[in-house]
Each structure stands twice: as C-alpha cells, then as structure tokens.
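Below: my_file_17.txt (compact mmCIF, C-alpha atoms)
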```txt
# COMPACT_ATOMS: atom_id res chain seq x y z
CA MET L 100 0.00 0.00 0.00
CA LYS L 101 1.32 3.44 -0.92
CA LYS L 102 2.21 5.52 2.13
CA LYS L 103 0.99 9.08 2.52
CA ASP L 104 3.76 11.36 1.25
CA ASP L 105 2.52 14.93 1.39
CA LEU L 106 4.80 17.93 1.07
CA VAL L 107 4.65 20.52 3.86
CA VAL L 108 5.92 23.95 2.83
CA GLY L 109 5.05 27.55 3.59
CA GLY L 110 2.57 26.50 6.27
CA LYS L 111 0.55 24.36 3.83
CA THR L 112 0.29 20.64 3.17
CA LEU L 113 0.36 19.71 -0.51
CA GLN L 114 -0.54 16.39 -2.07
CA SER L 115 1.21 17.18 -5.36
CA ARG L 116 4.92 17.90 -5.76
CA PHE L 117 4.28 19.49 -9.16
CA PHE L 118 4.49 23.31 -9.17
CA LEU L 119 3.21 24.57 -12.53
CA GLY L 120 3.79 27.89 -14.27
CA THR L 121 0.99 29.58 -16.18
CA GLY L 122 2.78 31.53 -18.90
CA ARG L 123 3.49 30.89 -22.59
CA TYR L 124 0.61 28.50 -23.33
CA PRO L 125 -0.94 28.71 -26.82
CA ASN L 126 -4.33 29.68 -25.39
CA PRO L 127 -6.38 29.56 -22.14
CA PHE L 128 -8.11 26.31 -23.12
CA ILE L 129 -4.85 24.40 -23.50
CA GLN L 130 -3.57 26.04 -20.33
CA ASN L 131 -6.55 24.74 -18.37
CA GLU L 132 -6.29 21.28 -19.89
CA ALA L 133 -2.59 21.10 -18.99
CA ILE L 134 -3.32 22.26 -15.44
CA ARG L 135 -6.00 19.60 -15.14
CA ALA L 136 -3.66 16.88 -16.45
CA ALA L 137 -0.85 17.95 -14.09
CA GLU L 138 -3.09 17.77 -11.00
CA ALA L 139 -0.84 20.39 -9.44
CA ASP L 140 -1.80 22.13 -6.20
CA VAL L 141 0.42 25.17 -6.77
CA LEU L 142 0.31 27.57 -9.71
CA THR L 143 2.88 30.29 -10.22
CA PHE L 144 2.72 33.47 -12.30
CA ALA L 145 4.46 36.83 -12.58
CA ILE L 146 2.90 39.47 -10.35
CA ARG L 147 3.45 42.06 -13.09
CA ARG L 148 0.97 40.14 -15.28
CA VAL L 149 -1.85 40.51 -12.74
CA ASN L 150 -4.15 43.48 -12.19
CA LEU L 151 -3.51 43.96 -8.47
CA GLU L 152 -6.32 46.51 -8.11
CA HIS L 153 -8.87 43.83 -8.98
CA PRO L 154 -7.17 40.42 -8.62
CA ASP L 155 -10.50 38.56 -8.47
CA GLU L 156 -11.38 39.90 -11.91
CA ASP L 157 -7.95 39.50 -13.45
CA ALA L 158 -7.88 37.89 -16.89
CA ILE L 159 -5.12 35.46 -15.88
CA LEU L 160 -6.77 34.19 -12.72
CA GLN L 161 -10.21 33.96 -14.31
CA HIS L 162 -9.12 31.06 -16.48
CA PHE L 163 -8.46 28.75 -13.54
CA GLU L 164 -11.35 26.39 -12.86
CA LYS L 165 -10.67 25.43 -9.23
CA GLU L 166 -8.96 26.81 -6.17
CA PHE L 167 -5.18 26.55 -6.12
CA VAL L 168 -2.35 27.68 -3.91
CA TYR L 169 -0.88 30.68 -5.71
CA LEU L 170 2.84 31.34 -5.82
CA PRO L 171 3.25 34.77 -7.43
CA ASN L 172 6.76 35.64 -8.51
CA THR L 173 8.73 38.87 -8.84
CA SER L 174 9.90 38.19 -12.40
CA GLY L 175 11.11 41.42 -13.99
CA ALA L 176 12.66 42.78 -10.81
CA LYS L 177 16.31 43.76 -11.15
CA THR L 178 17.01 44.71 -7.52
CA ALA L 179 16.01 43.60 -4.04
CA ASP L 180 14.08 46.83 -3.53
CA GLU L 181 12.01 46.20 -6.67
CA ALA L 182 11.25 42.62 -5.63
CA ILE L 183 10.26 43.70 -2.12
CA ARG L 184 7.95 46.40 -3.44
CA ILE L 185 6.28 43.98 -5.88
CA ALA L 186 5.79 41.36 -3.15
CA ARG L 187 4.26 43.90 -0.77
CA LEU L 188 1.80 45.03 -3.44
CA ALA L 189 0.74 41.45 -4.11
CA LYS L 190 0.22 40.72 -0.42
CA ALA L 191 -1.71 43.97 0.12
CA SER L 192 -4.03 43.03 -2.74
CA GLY L 193 -4.90 39.79 -0.95
CA LEU L 194 -3.25 37.67 -3.61
CA SER L 195 -0.90 35.64 -1.38
CA ASP L 196 1.69 35.81 1.37
CA TRP L 197 3.72 33.31 -0.62
CA VAL L 198 6.22 34.87 -3.00
CA LYS L 199 8.85 33.49 -5.33
CA VAL L 200 11.74 35.94 -5.24
CA GLU L 201 13.10 36.10 -8.77
CA ILE L 202 15.70 38.79 -9.52
CA SER L 203 17.59 38.66 -12.81
CA VAL L 204 19.87 41.30 -14.29
CA HIS L 205 21.49 39.49 -17.22
CA GLU L 206 19.04 39.46 -20.11
CA LYS L 207 20.87 36.74 -22.04
CA THR L 208 21.09 34.11 -19.30
CA LEU L 209 18.39 35.34 -16.87
CA LEU L 210 20.52 33.91 -14.08
CA PRO L 211 19.45 35.13 -10.63
CA ASP L 212 21.41 37.86 -8.89
CA PRO L 213 22.74 36.16 -5.73
CA ILE L 214 23.34 39.31 -3.67
CA GLU L 215 20.01 40.97 -4.41
CA THR L 216 18.14 37.68 -3.96
CA LEU L 217 19.66 37.18 -0.53
CA LYS L 218 18.78 40.76 0.49
CA ALA L 219 15.18 40.43 -0.65
CA THR L 220 14.74 37.02 0.98
CA GLU L 221 15.99 38.26 4.34
CA GLN L 222 13.76 41.34 4.36
CA LEU L 223 10.58 39.63 3.13
CA ALA L 224 11.02 36.77 5.58
CA LYS L 225 11.25 39.32 8.41
CA GLU L 226 7.94 40.78 7.19
CA GLY L 227 6.20 37.42 7.44
CA PHE L 228 6.26 36.31 3.82
CA HIS L 229 6.76 32.67 2.92
CA VAL L 230 9.69 33.22 0.59
CA PHE L 231 10.51 30.78 -2.18
CA ALA L 232 13.96 31.87 -3.26
CA TYR L 233 14.90 31.20 -6.88
CA THR L 234 18.66 30.90 -7.18
CA SER L 235 21.54 29.21 -8.97
CA ASP L 236 22.81 25.75 -8.05
CA ASP L 237 25.41 27.10 -5.59
CA PRO L 238 25.31 25.00 -2.38
CA VAL L 239 26.75 27.81 -0.23
CA LEU L 240 24.25 30.38 -1.50
CA CYS L 241 21.34 27.97 -1.06
CA LYS L 242 22.32 27.46 2.57
CA ARG L 243 22.58 31.22 3.11
CA LEU L 244 19.07 31.67 1.69
CA GLU L 245 17.76 29.05 4.09
CA GLU L 246 19.47 30.82 6.98
CA ALA L 247 17.94 34.12 5.81
CA GLY L 248 14.48 32.66 6.37
CA ALA L 249 13.42 31.16 3.04
CA ALA L 250 10.48 28.77 3.33
CA ALA L 251 11.90 26.88 0.35
CA VAL L 252 14.94 27.22 -1.87
CA MET L 253 14.58 26.83 -5.64
CA PRO L 254 17.88 26.14 -7.40
CA GLY L 255 17.75 26.11 -11.17
CA ALA L 256 18.72 22.97 -13.07
CA ALA L 257 19.79 25.20 -15.99
CA PRO L 258 19.00 28.73 -17.24
CA ILE L 259 15.28 29.52 -17.58
CA GLY L 260 13.57 28.08 -20.64
CA THR L 261 16.65 26.36 -22.06
CA GLY L 262 15.49 22.77 -21.62
CA LEU L 263 19.09 21.72 -20.97
CA GLY L 264 18.16 19.55 -18.00
CA LEU L 265 20.24 19.05 -14.87
CA LEU L 266 23.61 20.60 -15.73
CA ASN L 267 25.13 19.94 -12.30
CA PRO L 268 23.43 17.07 -10.47
CA TYR L 269 26.38 16.91 -8.08
CA ASN L 270 25.72 20.42 -6.79
CA LEU L 271 21.99 19.78 -6.61
CA SER L 272 22.58 16.64 -4.55
CA LEU L 273 24.77 18.62 -2.13
CA ILE L 274 22.08 21.29 -1.80
CA ILE L 275 19.43 18.68 -1.06
CA GLU L 276 21.66 16.83 1.40
CA GLU L 277 22.40 19.96 3.45
CA ALA L 278 18.93 21.52 3.39
CA ASN L 279 16.51 21.82 6.30
CA VAL L 280 13.81 23.39 4.12
CA PRO L 281 12.18 22.00 0.96
CA ILE L 282 14.29 22.11 -2.19
CA ILE L 283 12.27 22.72 -5.35
CA ILE L 284 14.16 22.32 -8.63
CA ASP L 285 13.21 25.21 -10.87
CA ALA L 286 14.14 26.23 -14.43
CA GLY L 287 15.89 24.59 -17.36
CA ILE L 288 14.13 21.23 -17.29
CA GLY L 289 13.13 19.89 -20.70
CA SER L 290 11.74 16.39 -20.36
CA ALA L 291 10.24 13.79 -18.06
CA LYS L 292 13.70 12.23 -17.81
CA ASP L 293 15.04 15.44 -16.26
CA VAL L 294 12.17 15.56 -13.79
CA CYS L 295 12.64 11.95 -12.74
CA HIS L 296 16.37 12.58 -12.25
CA ALA L 297 15.69 15.61 -10.05
CA MET L 298 13.24 13.69 -7.88
CA GLU L 299 15.59 10.69 -7.60
CA LEU L 300 18.23 13.04 -6.21
CA GLY L 301 15.80 13.76 -3.37
CA ALA L 302 14.28 17.06 -4.49
CA ASP L 303 11.04 17.83 -2.67
CA ALA L 304 9.28 19.18 -5.76
CA VAL L 305 9.79 20.51 -9.28
CA LEU L 306 8.54 23.75 -10.83
CA LEU L 307 7.87 23.63 -14.57
CA ASN L 308 6.57 26.11 -17.10
CA THR L 309 8.28 26.26 -20.50
CA ALA L 310 8.83 22.50 -20.68
CA VAL L 311 5.07 22.03 -20.54
CA ALA L 312 3.69 25.17 -22.16
CA LYS L 313 5.97 25.07 -25.22
CA ALA L 314 5.86 21.31 -25.81
CA LYS L 315 4.24 20.19 -29.06
CA ASP L 316 1.43 18.76 -26.91
CA PRO L 317 1.35 20.64 -23.58
CA VAL L 318 -1.44 18.51 -22.13
CA GLN L 319 0.36 15.24 -22.85
CA MET L 320 3.60 16.69 -21.51
CA ALA L 321 1.90 17.81 -18.29
CA LEU L 322 0.69 14.25 -17.82
CA ALA L 323 4.16 12.85 -18.50
CA MET L 324 5.72 15.26 -16.01
CA LYS L 325 3.19 14.29 -13.34
CA TYR L 326 4.04 10.61 -13.73
CA ALA L 327 7.78 11.37 -13.79
CA ILE L 328 7.53 13.25 -10.49
CA GLU L 329 5.67 10.34 -8.93
CA ALA L 330 8.09 7.75 -10.32
CA GLY L 331 11.19 9.69 -9.31
CA ARG L 332 9.87 10.27 -5.81
CA SER L 333 8.97 6.59 -5.39
CA SER L 334 12.42 5.56 -6.63
CA TYR L 335 14.09 7.95 -4.17
CA LEU L 336 12.06 6.62 -1.25
CA ALA L 337 12.69 3.01 -2.28
CA GLY L 338 16.46 3.51 -2.33
CA ARG L 339 18.46 2.54 -5.40
CA ILE L 340 21.10 -0.19 -5.41
CA PRO L 341 24.72 0.98 -5.13
CA LYS L 342 26.71 1.33 -8.35
CA LYS L 343 29.42 -1.29 -8.85
CA LYS L 344 32.35 -1.60 -11.22
CA TYR L 345 31.71 -5.27 -12.08
CA ALA L 346 28.70 -7.47 -12.71
CA THR L 347 26.78 -9.31 -10.02
CA ALA L 348 24.68 -12.28 -11.08
CA SER L 349 21.03 -12.07 -10.16
CA SER L 350 20.83 -15.87 -10.16
CA PRO L 351 23.44 -18.40 -8.90
CA LEU L 352 25.99 -19.37 -11.55
CA THR L 353 26.26 -22.93 -10.22
CA ASP L 354 23.54 -25.47 -9.40
CA THR L 355 22.79 -25.87 -5.74
CA LEU L 356 20.90 -28.65 -4.04
```

As structure tokens:
Amino acid sequence: MKKKDDLVVGGKTLQSRFFLGTGRYPNPFIQNEAIRAAEADVLTFAIRRVNLEHPDEDAILQHFEKEFVYLPNTSGAKTADEAIRIARLAKASGLSDWVKVEISVHEKTLLPDPIETLKATEQLAKEGFHVFAYTSDDPVLCKRLEEAGAAAVMPGAAPIGTGLGLLNPYNLSLIIEEANVPIIIDAGIGSAKDVCHAMELGADAVLLNTAVAKAKDPVQMALAMKYAIEAGRSSYLAGRIPKKKYATASSPLTDTL
C-alpha cells in the first residue's frame, strides 16, 4: 500500500509535488487542460501580469477552474528593492503571502542575482512572507538563503527556458543533502527524464513552465511530467542499489541442491 507522502511547505500541506507555471501556453483552453492533467496544487505566475487593483477579476486568474495555492513571482525585478515592493503590493491586494523571489539582471542568461536575492529574501522573511527563493545551483548560497528565512529554496537545473536539463546534479545533490527546508528544482528542465532525475536526487518538488507550455502537446507533456515526479519520488524513497564496477549475477551461476 502506498504511504501518505505529502509535502509541507510555507505553512501548507500539498498532495502534489508538481508546481506549474501559467505563462506561454498557446491559449487559455490548452492552459486549463494542462493544469488539469498535471493535477498540481500550486500555480505560479508573474505578479506584473496581474491586475492587483482587482485580482479577483484579473484575466489570468479567471481562467483557472478550481482553487489553487498561488505562488506569485517577482519576475522582472532587477534589484532587491524592486522585488520587495512587488511582493508587498501582491500581499496587500490579498493575492498571497507566498512569493517566489526572482531577480535577474542578465538578459541573455536570466541567471538570478545572488546578492540581491539574498537581500530580498531576508527582508521579506522578516515581514512574514513565505519566501521561495529562486537561485543558482550554488550549495553555499542555497544554505545562506535558508538561513535568511526562506520557506523553500529553488535552485535552477539550468537557465530559464533552455530545456538543458540538470547541468550539475552533483551540486543539486549537495544542496538537497544539506537543506533543512524544501528544495524545489526550478528552471531549465526539458523532459520527463530530467524531472525523474531531479526527484531521484531527493528534491522535494519541481517547478515547470516552458517544458510544458511550449511542448508540441502541452497537455500530454503535463501528464508525462506528473508521472515522472511520482516515479522519481517513489524511486528515491525506495532507495536505489549501489553502483558497482563489475557485474553481479542475479541468479546463482552454479547449481545448488
């Protein structure tokens, strides 16, 4: 019998370890069908895309057909001050006290700014936000973000939208091993294989957007990603066999009485 394996993060208990982004889909219908196939509990979107004066009437949020946990992000912010201001506006509008701090200054790579991300995480955590800190796969920085009060740390597998997969599984495994908060692999994933690999390393969850939204069949890909998350998590909990240099027979090589 399958054991209960919920994820507890940001003061909430989640049944799904699939965090799904809402941008770049061909149209709202396909977006909703992909969300339905993913069976995700958490949806993420850029705060700058939402009408904060009337969030209940916003065109983005109107397309969702059930209640979700919202993880708004500060995409577009270039400094800690900008990210903090955006997060405060979202919270004041009643949108959420969860926030994904996302601060990028390099337009070509969109890699997160480590110094500004750390500053924003520390300040927002002091103000009572549940901060999900998007960062690079630097084990030292990830630990500093945890110490600054992040509810979860979100190292990227590769630059946003590249589909390159896990460029440095060694670093990701170190981050996971040292963490006392959930580690959510975010950015750069391209396929179900990448997702399964991330979960087998021990990641608590995976956040996907481009890999689903820009697939030839987003709905089918959302389904594949859901199964990959479940398979990878089950494999991690089961415990893989150790790697060996030479073969080991699965059956005796000689007859025994």

Q: Go ahead and find all residues with at least one atom no further than 12 Å from (13.0, 22.9, -0.1) in the file's coordinates, using only C-alpha atoms; report them as a count of residues only.
A: 40

Q) From the set L:Lys190, L:His296, L:Arg243, L:Lys325, which residue has the shortest atom-to-atom contact distance to Ser272 (chain L), counting only C-alpha atoms? A) L:His296

Q) Do you know which residues are at most 6 Å from region 204-215 of chain L counting all atoms listed in the file, after dropping those on the same chain fewer than 6 positions away, and could you put them as a ChimeraX atom specification? A) /L:177-179,234

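Near Ala291 (chain L), within a cut-off of 9 Å and counting all atoms listed in the file, sit the residues L:Cys295, L:His296, L:Met320, L:Ala323, L:Met324, L:Lys325, L:Tyr326, L:Ala327, L:Ile328, with same-chain residues fewer than 4 positions away left out.
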
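Between CA of Ala348 (chain L) and CA of Glu299 (chain L) the separation is 24.9 Å.
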
Q: State, in Å with one decimal place, the distance from CA of Asp196 (chain L) to CA of Arg135 (chain L).
A: 24.4 Å

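Near Ser174 (chain L), within 8 Å and counting only C-alpha atoms, sit Ala145, Ile146, Arg147, Val200, Glu201, Ile202 and Ser203 of chain L; same-chain residues fewer than 6 positions away were not included.
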
Just write the chosen residues, C-alpha atoms, as a PDB file, keeping the file's coordinate frame.
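As written to disk, selection.pdb reads:
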```
ATOM      1  CA  ALA L 145       4.460  36.830 -12.580  1.00  0.00           C
ATOM      2  CA  ILE L 146       2.900  39.470 -10.350  1.00  0.00           C
ATOM      3  CA  ARG L 147       3.450  42.060 -13.090  1.00  0.00           C
ATOM      4  CA  VAL L 200      11.740  35.940  -5.240  1.00  0.00           C
ATOM      5  CA  GLU L 201      13.100  36.100  -8.770  1.00  0.00           C
ATOM      6  CA  ILE L 202      15.700  38.790  -9.520  1.00  0.00           C
ATOM      7  CA  SER L 203      17.590  38.660 -12.810  1.00  0.00           C
TER       8      SER L 203
END
```

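Put simply, CA of Asp105 (chain L) is 14.8 Å away from CA of Ala330 (chain L).
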
Quick one: residues within 12 Å of (0.4, 34.2, -5.2) (file frame), counting all atoms listed in the file, please, as a compact mmCIF listing (two decimals) with C-alpha atoms, keeping the file's coordinate frame.
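So result_23.txt came out as:
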```
# COMPACT_ATOMS: atom_id res chain seq x y z
CA GLY L 109 5.05 27.55 3.59
CA GLY L 120 3.79 27.89 -14.27
CA THR L 121 0.99 29.58 -16.18
CA VAL L 141 0.42 25.17 -6.77
CA LEU L 142 0.31 27.57 -9.71
CA THR L 143 2.88 30.29 -10.22
CA PHE L 144 2.72 33.47 -12.30
CA ALA L 145 4.46 36.83 -12.58
CA ILE L 146 2.90 39.47 -10.35
CA ARG L 147 3.45 42.06 -13.09
CA ARG L 148 0.97 40.14 -15.28
CA VAL L 149 -1.85 40.51 -12.74
CA LEU L 151 -3.51 43.96 -8.47
CA PRO L 154 -7.17 40.42 -8.62
CA LEU L 160 -6.77 34.19 -12.72
CA GLU L 166 -8.96 26.81 -6.17
CA PHE L 167 -5.18 26.55 -6.12
CA VAL L 168 -2.35 27.68 -3.91
CA TYR L 169 -0.88 30.68 -5.71
CA LEU L 170 2.84 31.34 -5.82
CA PRO L 171 3.25 34.77 -7.43
CA ASN L 172 6.76 35.64 -8.51
CA THR L 173 8.73 38.87 -8.84
CA ILE L 185 6.28 43.98 -5.88
CA ALA L 186 5.79 41.36 -3.15
CA ARG L 187 4.26 43.90 -0.77
CA LEU L 188 1.80 45.03 -3.44
CA ALA L 189 0.74 41.45 -4.11
CA LYS L 190 0.22 40.72 -0.42
CA ALA L 191 -1.71 43.97 0.12
CA SER L 192 -4.03 43.03 -2.74
CA GLY L 193 -4.90 39.79 -0.95
CA LEU L 194 -3.25 37.67 -3.61
CA SER L 195 -0.90 35.64 -1.38
CA ASP L 196 1.69 35.81 1.37
CA TRP L 197 3.72 33.31 -0.62
CA VAL L 198 6.22 34.87 -3.00
CA LYS L 199 8.85 33.49 -5.33
CA VAL L 200 11.74 35.94 -5.24
CA PHE L 228 6.26 36.31 3.82
CA HIS L 229 6.76 32.67 2.92
CA VAL L 230 9.69 33.22 0.59
CA PHE L 231 10.51 30.78 -2.18
```

Q. Leaving out Glu138 (chain L) and any residue of its chain fewer than 5 positions from it, which residues lie within 9 Å of it when counting only C-alpha atoms, given as a list in words?
A.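 Those residues are Ser115, Phe117, Ala133, Ala321, Leu322 and Lys325 of chain L.
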
Q.
Taking 4 positions as the minimum chain separation for residues in the same chain, which residues sit within 12 Å of Gly262 (chain L) when counting all atoms listed in the file? Answer as a PyMOL selection string.
A. chain L and resi 255-258+266+285-294+307-311+313-314

Residues from the last selection, C-alpha atoms, saved as a compact mmCIF listing (two decimals), in the coordinates of the input:
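Okay, result-v9.txt is ready:
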```txt
# COMPACT_ATOMS: atom_id res chain seq x y z
CA GLY L 255 17.75 26.11 -11.17
CA ALA L 256 18.72 22.97 -13.07
CA ALA L 257 19.79 25.20 -15.99
CA PRO L 258 19.00 28.73 -17.24
CA LEU L 266 23.61 20.60 -15.73
CA ASP L 285 13.21 25.21 -10.87
CA ALA L 286 14.14 26.23 -14.43
CA GLY L 287 15.89 24.59 -17.36
CA ILE L 288 14.13 21.23 -17.29
CA GLY L 289 13.13 19.89 -20.70
CA SER L 290 11.74 16.39 -20.36
CA ALA L 291 10.24 13.79 -18.06
CA LYS L 292 13.70 12.23 -17.81
CA ASP L 293 15.04 15.44 -16.26
CA VAL L 294 12.17 15.56 -13.79
CA LEU L 307 7.87 23.63 -14.57
CA ASN L 308 6.57 26.11 -17.10
CA THR L 309 8.28 26.26 -20.50
CA ALA L 310 8.83 22.50 -20.68
CA VAL L 311 5.07 22.03 -20.54
CA LYS L 313 5.97 25.07 -25.22
CA ALA L 314 5.86 21.31 -25.81
```
